[in-house]
Structures are given as C-alpha cells and as structure tokens.
Amino acid sequence: MQALVSQVLLPVVLAAVMLGMGLGLKGSDFARVVKRPKASLLGFAMQMLFLPVLALLIIWVLPLSAPAAAGLFLVSLCPGGATSNLFSFIARGDVALSVTLTGIISLLSPIILPIVFIGYLQFAGADAAEFALPLIPAMKQLALVTLVPVAIGMSIRYFAPQWSVRTQPLIKKIATVAMMVIIIALMATNLNVVQSFLSLDALAVLTLSTASLLIAFKVAGYFRLPAKTQRTLAIEVGVQNAGTAMMVALAIMHRPELAFVPLMYGLLMNIPAFAFVAWTQKYHKDEPVTANA
C-alpha cells in the first residue's frame with residue numbers, strides 16, 4: 001500500500017497540482033518580475049536563500065537526528081504550491097504575485113533542489129553519509145512532475161484560454177483533495193508521525209514554518225511594500241509544498257525516514273498559516289479580496 005502511494009499516486013497527484021497551476025499562468029505573468037522587481041526579487045531571495053539558511057540555523061540549534069535534519073532542509077528547498085496560493089487568497093493578498101512566484105520557483109526547482117540538497121548531504125558529512133540523491137535522475141523526475149505539467153498547463157491556457165479558466169478551479173480542488181488523501185494514507189501507514197507531534201522534530205517544523213512566515217512579513221514591511229504584498233510574501237515563504245519533498249524522499253531516494261519530517265510539515269504548517277490568516281481577517285477585514293497586482 002505504501003509503495004503504491006509513494007511511488008505512483010504521489011507523483012501523479014503532484015503533477016496534477018502543477019498542471020492546475022500551469023492552467024492559471026500566462027506568459028505575461030512572468031513579466032511581473034520586470035514590472036515589479038522589488039516584490040518579485042525579494043520573494044525569490046527569501047524563499048531560495050533565506051529559507052534554507054533558516055533551516056540550517058534550526059538544524060544547528062536543535063539536536064535533530066540525521067534523517068530529521070535532512071528532511072527539514074529538503075522542505076526548505078521546495079517551492080510553494082496550491083496551498084500557498086489559497087492562503088494568499090484568503091488572507092487578501094496579491095494572488096497573482098503568489099502564483100507567479102510559485103510558478104517560477106517550481107520551474108527552477110528541478111535544477112536547484114537536487115544540486116543544493118546534494119551539497120547539504122556532502123556538507124553534513126558522516127551524519128548524512130547514508131543518504132544519496134542521484135543528480136541527473138532526480139532532475140529528470142522532478143522535471144517530469146513539475147516543469148512538464150506546468151508547461152503543458154500554460155500551453156493549454158494559451159490555445160484554450162476560456163476552457164482553462166473554467167477548468168482550473170476544478171482541477172486544483174481535485175488535486176488538493178487528492179494530496180490530502182495521500183497525506184492521510186501515509187499517516188495511516190506511519191502512525192508514529194501523529195505520536196511525534198510533541199517531539200523535537202515537531203518543534204523544528206513549527207519553528208521553520210512560523211519563523212519564516214513572520215520574518216518574511218517583517219522584511220517585506222521593511223522594504224515598504226504594500227500590505228497585501230507583505231502578506232503574500234509571508235505566506236509564500238512560510239508555506240511550502242511538502243508533497244515535493246515527500247516525492248523526493250520516497251519516489252526518488254527511496255528513503256521513507258526522510259519523508260517523516262516533510263509529512264509532519266504538511267500537517268503542522270497549517271497552524272501558523274491559519275493563525276496568520278485569522279489575524280488578517282481580523283485586522284484587514286475592510287480590504288477587498290483581489291487576484292490582481
């Protein structure tokens with residue numbers, strides 16, 4: 001059962017999530033990086049540089065096991081996903097910016113994630129010597145479930161825009177529900193995840209998700225970005241696609257112990273995210289919900 005979920009269903013559902021994202025993207029969306037470089041580049045830098053550094057700091061402070069540390073760093077390298085886009089919408093953020101950042105980082109992740117993670121494994125030395133990530137196969141498999149579906153979705157959006165607009169919400173809902181079912185199925189076969197919610201691993205996960213969200217919000221405010229952009233960048237940095245990390249651990253590396261922390265992250269990250277959304281609902285309730293920049 002676990003092999004079917006991890007080797008087949010997880011990659012398929014992740015590809016469906018990426019396809020749904022691609023259906024919502026247009027080539028002109030990427031021009032946002034040029035038109036609004038401050039918000040886009042700041043979001044990119046915080047997610048690709050700050051978040052991994054924060055994960056390394058947590059690993060250095062907390063005495064995590066080698067699999068837990070590697071799993072936490074792996075999560076920090078993953079892009080956002082449909083969940084971060086949804087939270088941005090509920091938090092009255094800049095959804096277009098959220099989707100654009102998620103799309104760009106998802107397209108780059110097949111190259112960046114394997115290279116940086118292999119570098120971490122080498123840097124960790126003896127603690128992570130038992131783990132190995134094959135670079136080229138990892139790039140190919142990540143591209144197959146991220147880059148290719150996004151490209152297909154964008155192509156469909158280009159040639160059939162009206163159909164894409166009508167169909168994208170349904171595909172995103174189905175893919176999101178399917179991902180939740182997969183997480184529940186993995187939990188059912190790994191009940192020790194639930195038993196570890198009061199563990200040091202859970203503390204590391206909550207620290208990463210909460211600190212990244214709050215720090216990103218403060219940094220965006222320091223750069224005097226609009227309030228809705230601040231909320232968007234906070235969520236993009238604080239909510240990662242745990243499904244990508246689980247796929248790397250289970251389907252590419254075949255190391256279930258590395259998927260333990262990403263699976264926990266997929267559940268616990270919702271606590272600070274929902275708390276942040278509740279705060280925005282209370283203190284920014286007069287702002288309109290918008291999907292535009």
# chains A, B, ... in the order shown; residues from 1 in each chain; ligands from 1
$ residues_around --residues "Leu107 (chain A)" --least-positions-apart "4" --cutoff "7 Å" --atoms "only C-alpha atoms" --output "compact mmCIF listing (two decimals) with N, CA and C atoms, in the first residue's frame"
# COMPACT_ATOMS: atom_id res chain seq x y z
N GLY A 103 5.09 29.64 -9.54
CA GLY A 103 5.37 29.11 -10.86
C GLY A 103 6.84 29.18 -11.23
N THR A 146 6.95 18.47 -12.31
CA THR A 146 6.79 19.90 -12.04
C THR A 146 6.84 20.72 -13.32
N LEU A 147 8.00 20.76 -13.95
CA LEU A 147 8.20 21.61 -15.11
C LEU A 147 7.29 21.22 -16.27
$ residues_around --residues "Ile118 (chain A)" --least-positions-apart "2" --cutoff "10 Å" --atoms "only C-alpha atoms" --output "PyMOL selection string"
chain A and resi 113-116+120-124+131-135
$ write_last_selection --atoms "C-alpha atoms" --output "PDB file, in the first residue's frame"
ATOM      1  CA  LEU A 113      16.707  21.448  -5.424  1.00  0.00           C
ATOM      2  CA  PRO A 114      18.882  18.407  -6.301  1.00  0.00           C
ATOM      3  CA  ILE A 115      22.098  20.435  -6.527  1.00  0.00           C
ATOM      4  CA  VAL A 116      21.628  22.258  -3.215  1.00  0.00           C
ATOM      5  CA  TYR A 120      23.870  19.718   2.060  1.00  0.00           C
ATOM      6  CA  LEU A 121      24.376  15.948   2.232  1.00  0.00           C
ATOM      7  CA  GLN A 122      28.073  16.392   1.491  1.00  0.00           C
ATOM      8  CA  PHE A 123      28.365  19.245   3.983  1.00  0.00           C
ATOM      9  CA  ALA A 124      26.625  17.227   6.708  1.00  0.00           C
ATOM     10  CA  PHE A 131      21.779   9.151   2.106  1.00  0.00           C
ATOM     11  CA  ALA A 132      22.394   9.718  -1.582  1.00  0.00           C
ATOM     12  CA  LEU A 133      20.471  11.651  -4.220  1.00  0.00           C
ATOM     13  CA  PRO A 134      21.320  10.784  -7.855  1.00  0.00           C
ATOM     14  CA  LEU A 135      21.610  14.175  -9.547  1.00  0.00           C
TER      15      LEU A 135
END
$ atom_distance --atom1 "CA of Ala227 (chain A)" --atom2 "CA of Met48 (chain A)"
22.1 Å
$ residues_around --residues "region 156-172 of chain A" --least-positions-apart "5" --cutoff "8 Å" --atoms "only C-alpha atoms" --output "PDB file with N, CA and C atoms, in the first residue's frame"
ATOM      1  N   ALA A  16      -0.547  16.681 -11.134  1.00  0.00           N
ATOM      2  CA  ALA A  16      -1.862  17.298 -11.329  1.00  0.00           C
ATOM      3  C   ALA A  16      -1.932  18.675 -10.684  1.00  0.00           C
ATOM      4  N   VAL A  17      -1.304  18.812  -9.506  1.00  0.00           N
ATOM      5  CA  VAL A  17      -1.239  20.119  -8.844  1.00  0.00           C
ATOM      6  C   VAL A  17      -0.485  21.120  -9.726  1.00  0.00           C
ATOM      7  N   GLY A  20      -2.612  22.152 -12.740  1.00  0.00           N
ATOM      8  CA  GLY A  20      -3.582  23.160 -12.358  1.00  0.00           C
ATOM      9  C   GLY A  20      -2.955  24.537 -12.226  1.00  0.00           C
ATOM     10  N   MET A  21      -1.730  24.581 -11.699  1.00  0.00           N
ATOM     11  CA  MET A  21      -1.024  25.857 -11.589  1.00  0.00           C
ATOM     12  C   MET A  21      -0.723  26.417 -12.973  1.00  0.00           C
ATOM     13  N   GLY A  22      -0.282  25.552 -13.884  1.00  0.00           N
ATOM     14  CA  GLY A  22       0.034  25.989 -15.236  1.00  0.00           C
ATOM     15  C   GLY A  22      -1.170  26.547 -15.967  1.00  0.00           C
ATOM     16  N   LEU A  23      -2.343  25.982 -15.714  1.00  0.00           N
ATOM     17  CA  LEU A  23      -3.563  26.476 -16.342  1.00  0.00           C
ATOM     18  C   LEU A  23      -3.886  27.905 -15.918  1.00  0.00           C
ATOM     19  N   GLY A  24      -3.368  28.310 -14.780  1.00  0.00           N
ATOM     20  CA  GLY A  24      -3.615  29.664 -14.295  1.00  0.00           C
ATOM     21  C   GLY A  24      -2.520  30.649 -14.647  1.00  0.00           C
ATOM     22  N   LEU A  25      -1.503  30.213 -15.370  1.00  0.00           N
ATOM     23  CA  LEU A  25      -0.373  31.074 -15.709  1.00  0.00           C
ATOM     24  C   LEU A  25      -0.386  31.470 -17.183  1.00  0.00           C
ATOM     25  N   LYS A  26       0.017  32.693 -17.437  1.00  0.00           N
ATOM     26  CA  LYS A  26       0.222  33.174 -18.802  1.00  0.00           C
ATOM     27  C   LYS A  26       1.649  33.685 -18.909  1.00  0.00           C
ATOM     28  N   ALA A  82      -0.252  24.990  -4.489  1.00  0.00           N
ATOM     29  CA  ALA A  82      -1.645  25.424  -4.495  1.00  0.00           C
ATOM     30  C   ALA A  82      -2.077  25.899  -3.115  1.00  0.00           C
TER      31      ALA A  82
END
$ select_by_dssp --residues "region 239-279 of chain A" --states "alpha helix (DSSP H)" --output "PyMOL selection string"
chain A and resi 242-247+260-268+270-279
$ write_last_selection --atoms "N, CA, C and O atoms" --output "mmCIF file, in the first residue's frame"
data_model
loop_
_atom_site.group_PDB
_atom_site.id
_atom_site.type_symbol
_atom_site.label_atom_id
_atom_site.label_comp_id
_atom_site.auth_asym_id
_atom_site.auth_seq_id
_atom_site.Cartn_x
_atom_site.Cartn_y
_atom_site.Cartn_z
ATOM 1 N N ALA A 242 4.997 20.456 0.685
ATOM 2 C CA ALA A 242 5.582 19.268 1.314
ATOM 3 C C ALA A 242 5.503 18.052 0.402
ATOM 4 O O ALA A 242 6.301 17.121 0.533
ATOM 5 N N GLY A 243 4.560 18.055 -0.533
ATOM 6 C CA GLY A 243 4.436 16.939 -1.455
ATOM 7 C C GLY A 243 5.677 16.732 -2.294
ATOM 8 O O GLY A 243 6.065 15.585 -2.589
ATOM 9 N N THR A 244 6.332 17.829 -2.684
ATOM 10 C CA THR A 244 7.573 17.726 -3.462
ATOM 11 C C THR A 244 8.663 17.056 -2.639
ATOM 12 O O THR A 244 9.384 16.181 -3.132
ATOM 13 N N ALA A 245 8.792 17.476 -1.379
ATOM 14 C CA ALA A 245 9.804 16.873 -0.506
ATOM 15 C C ALA A 245 9.526 15.393 -0.275
ATOM 16 O O ALA A 245 10.456 14.565 -0.281
ATOM 17 N N MET A 246 8.259 15.042 -0.071
ATOM 18 C CA MET A 246 7.923 13.634 0.133
ATOM 19 C C MET A 246 8.201 12.810 -1.109
ATOM 20 O O MET A 246 8.654 11.666 -1.032
ATOM 21 N N MET A 247 7.950 13.397 -2.293
ATOM 22 C CA MET A 247 8.227 12.662 -3.522
ATOM 23 C C MET A 247 9.719 12.398 -3.696
ATOM 24 O O MET A 247 10.132 11.309 -4.090
ATOM 25 N N PHE A 260 9.582 11.615 6.832
ATOM 26 C CA PHE A 260 8.896 11.765 8.114
ATOM 27 C C PHE A 260 8.661 13.238 8.444
ATOM 28 O O PHE A 260 7.529 13.652 8.733
ATOM 29 N N VAL A 261 9.702 14.056 8.400
ATOM 30 C CA VAL A 261 9.567 15.484 8.714
ATOM 31 C C VAL A 261 8.751 16.214 7.647
ATOM 32 O O VAL A 261 7.882 17.034 7.998
ATOM 33 N N PRO A 262 8.972 15.987 6.335
ATOM 34 C CA PRO A 262 8.094 16.630 5.350
ATOM 35 C C PRO A 262 6.620 16.299 5.540
ATOM 36 O O PRO A 262 5.755 17.167 5.380
ATOM 37 N N LEU A 263 6.304 15.038 5.899
ATOM 38 C CA LEU A 263 4.921 14.659 6.157
ATOM 39 C C LEU A 263 4.377 15.422 7.351
ATOM 40 O O LEU A 263 3.247 15.934 7.328
ATOM 41 N N MET A 264 5.183 15.535 8.394
ATOM 42 C CA MET A 264 4.786 16.299 9.571
ATOM 43 C C MET A 264 4.603 17.779 9.218
ATOM 44 O O MET A 264 3.666 18.435 9.678
ATOM 45 N N TYR A 265 5.505 18.284 8.368
ATOM 46 C CA TYR A 265 5.415 19.684 7.948
ATOM 47 C C TYR A 265 4.106 19.940 7.197
ATOM 48 O O TYR A 265 3.453 20.973 7.391
ATOM 49 N N GLY A 266 3.719 18.999 6.319
ATOM 50 C CA GLY A 266 2.497 19.164 5.554
ATOM 51 C C GLY A 266 1.265 19.332 6.422
ATOM 52 O O GLY A 266 0.269 19.933 6.000
ATOM 53 N N LEU A 267 1.333 18.827 7.644
ATOM 54 C CA LEU A 267 0.220 18.955 8.577
ATOM 55 C C LEU A 267 0.374 20.171 9.489
ATOM 56 O O LEU A 267 -0.536 20.988 9.620
ATOM 57 N N LEU A 268 1.534 20.305 10.110
ATOM 58 C CA LEU A 268 1.725 21.330 11.134
ATOM 59 C C LEU A 268 1.880 22.740 10.570
ATOM 60 O O LEU A 268 1.618 23.711 11.283
ATOM 61 N N ASN A 270 0.020 24.218 8.735
ATOM 62 C CA ASN A 270 -1.293 24.853 8.687
ATOM 63 C C ASN A 270 -1.601 25.645 9.960
ATOM 64 O O ASN A 270 -2.436 26.551 9.925
ATOM 65 N N ILE A 271 -0.943 25.304 11.062
ATOM 66 C CA ILE A 271 -1.221 26.008 12.323
ATOM 67 C C ILE A 271 -0.817 27.472 12.240
ATOM 68 O O ILE A 271 -1.659 28.368 12.434
ATOM 69 N N PRO A 272 0.454 27.806 11.950
ATOM 70 C CA PRO A 272 0.795 29.225 11.819
ATOM 71 C C PRO A 272 0.133 29.888 10.619
ATOM 72 O O PRO A 272 -0.204 31.082 10.673
ATOM 73 N N ALA A 273 -0.087 29.126 9.539
ATOM 74 C CA ALA A 273 -0.712 29.711 8.350
ATOM 75 C C ALA A 273 -2.150 30.138 8.650
ATOM 76 O O ALA A 273 -2.569 31.257 8.301
ATOM 77 N N PHE A 274 -2.914 29.269 9.296
ATOM 78 C CA PHE A 274 -4.292 29.624 9.639
ATOM 79 C C PHE A 274 -4.330 30.743 10.679
ATOM 80 O O PHE A 274 -5.224 31.603 10.633
ATOM 81 N N ALA A 275 -3.386 30.737 11.612
ATOM 82 C CA ALA A 275 -3.330 31.810 12.601
ATOM 83 C C ALA A 275 -3.054 33.155 11.921
ATOM 84 O O ALA A 275 -3.659 34.178 12.269
ATOM 85 N N PHE A 276 -2.159 33.141 10.930
ATOM 86 C CA PHE A 276 -1.838 34.360 10.190
ATOM 87 C C PHE A 276 -3.051 34.838 9.402
ATOM 88 O O PHE A 276 -3.356 36.040 9.379
ATOM 89 N N VAL A 277 -3.746 33.900 8.758
ATOM 90 C CA VAL A 277 -4.939 34.259 8.007
ATOM 91 C C VAL A 277 -6.013 34.829 8.937
ATOM 92 O O VAL A 277 -6.683 35.817 8.604
ATOM 93 N N ALA A 278 -6.170 34.227 10.117
ATOM 94 C CA ALA A 278 -7.149 34.733 11.083
ATOM 95 C C ALA A 278 -6.806 36.159 11.503
ATOM 96 O O ALA A 278 -7.702 37.008 11.653
ATOM 97 N N TRP A 279 -5.515 36.427 11.657
ATOM 98 C CA TRP A 279 -5.077 37.786 12.017
ATOM 99 C C TRP A 279 -5.409 38.769 10.900
ATOM 100 O O TRP A 279 -5.900 39.877 11.154
#
$ closest_residue --among "A:Met46, A:Ile111, A:Ile136, A:Leu250" --to "Gly71 (chain A)" --atoms "only C-alpha atoms"
A:Leu250
$ closest_residue --among "A:Met253, A:Leu200, A:Ala234, A:Ile112" --to "Phe87 (chain A)" --atoms "only C-alpha atoms"
A:Ala234
$ residues_around --residues "Ser98 (chain A)" --least-positions-apart "5" --cutoff "7 Å" --atoms "only C-alpha atoms" --output "list in words"
Asn85, Ser88, Thr232 and Glu236 of chain A
$ atom_distance --atom1 "CA of Ala39 (chain A)" --atom2 "CA of Pro110 (chain A)"
23.4 Å
$ closest_residue --among "A:Val12, A:Met18, A:Gln240, A:Ala68" --to "Ile152 (chain A)" --atoms "only C-alpha atoms"
A:Met18
$ closest_residue --among "A:Val8, A:Leu57, A:Leu14, A:Ala69" --to "Ala202 (chain A)" --atoms "only C-alpha atoms"
A:Ala69
$ atom_distance --atom1 "CA of Leu9 (chain A)" --atom2 "CA of Ile182 (chain A)"
7.7 Å
$ residues_around --residues "Ser76 (chain A)" --least-positions-apart "2" --cutoff "8 Å" --atoms "only C-alpha atoms" --output "PyMOL selection string"
chain A and resi 47+51-52+55+72-74+78+240
$ closest_residue --among "A:Gly43, A:Gly238, A:Pro256, A:Pro11" --to "Leu144 (chain A)" --atoms "only C-alpha atoms"
A:Pro11
$ closest_residue --among "A:Val219, A:Val239, A:Ile252, A:Asp201" --to "Leu62 (chain A)" --atoms "only C-alpha atoms"
A:Asp201
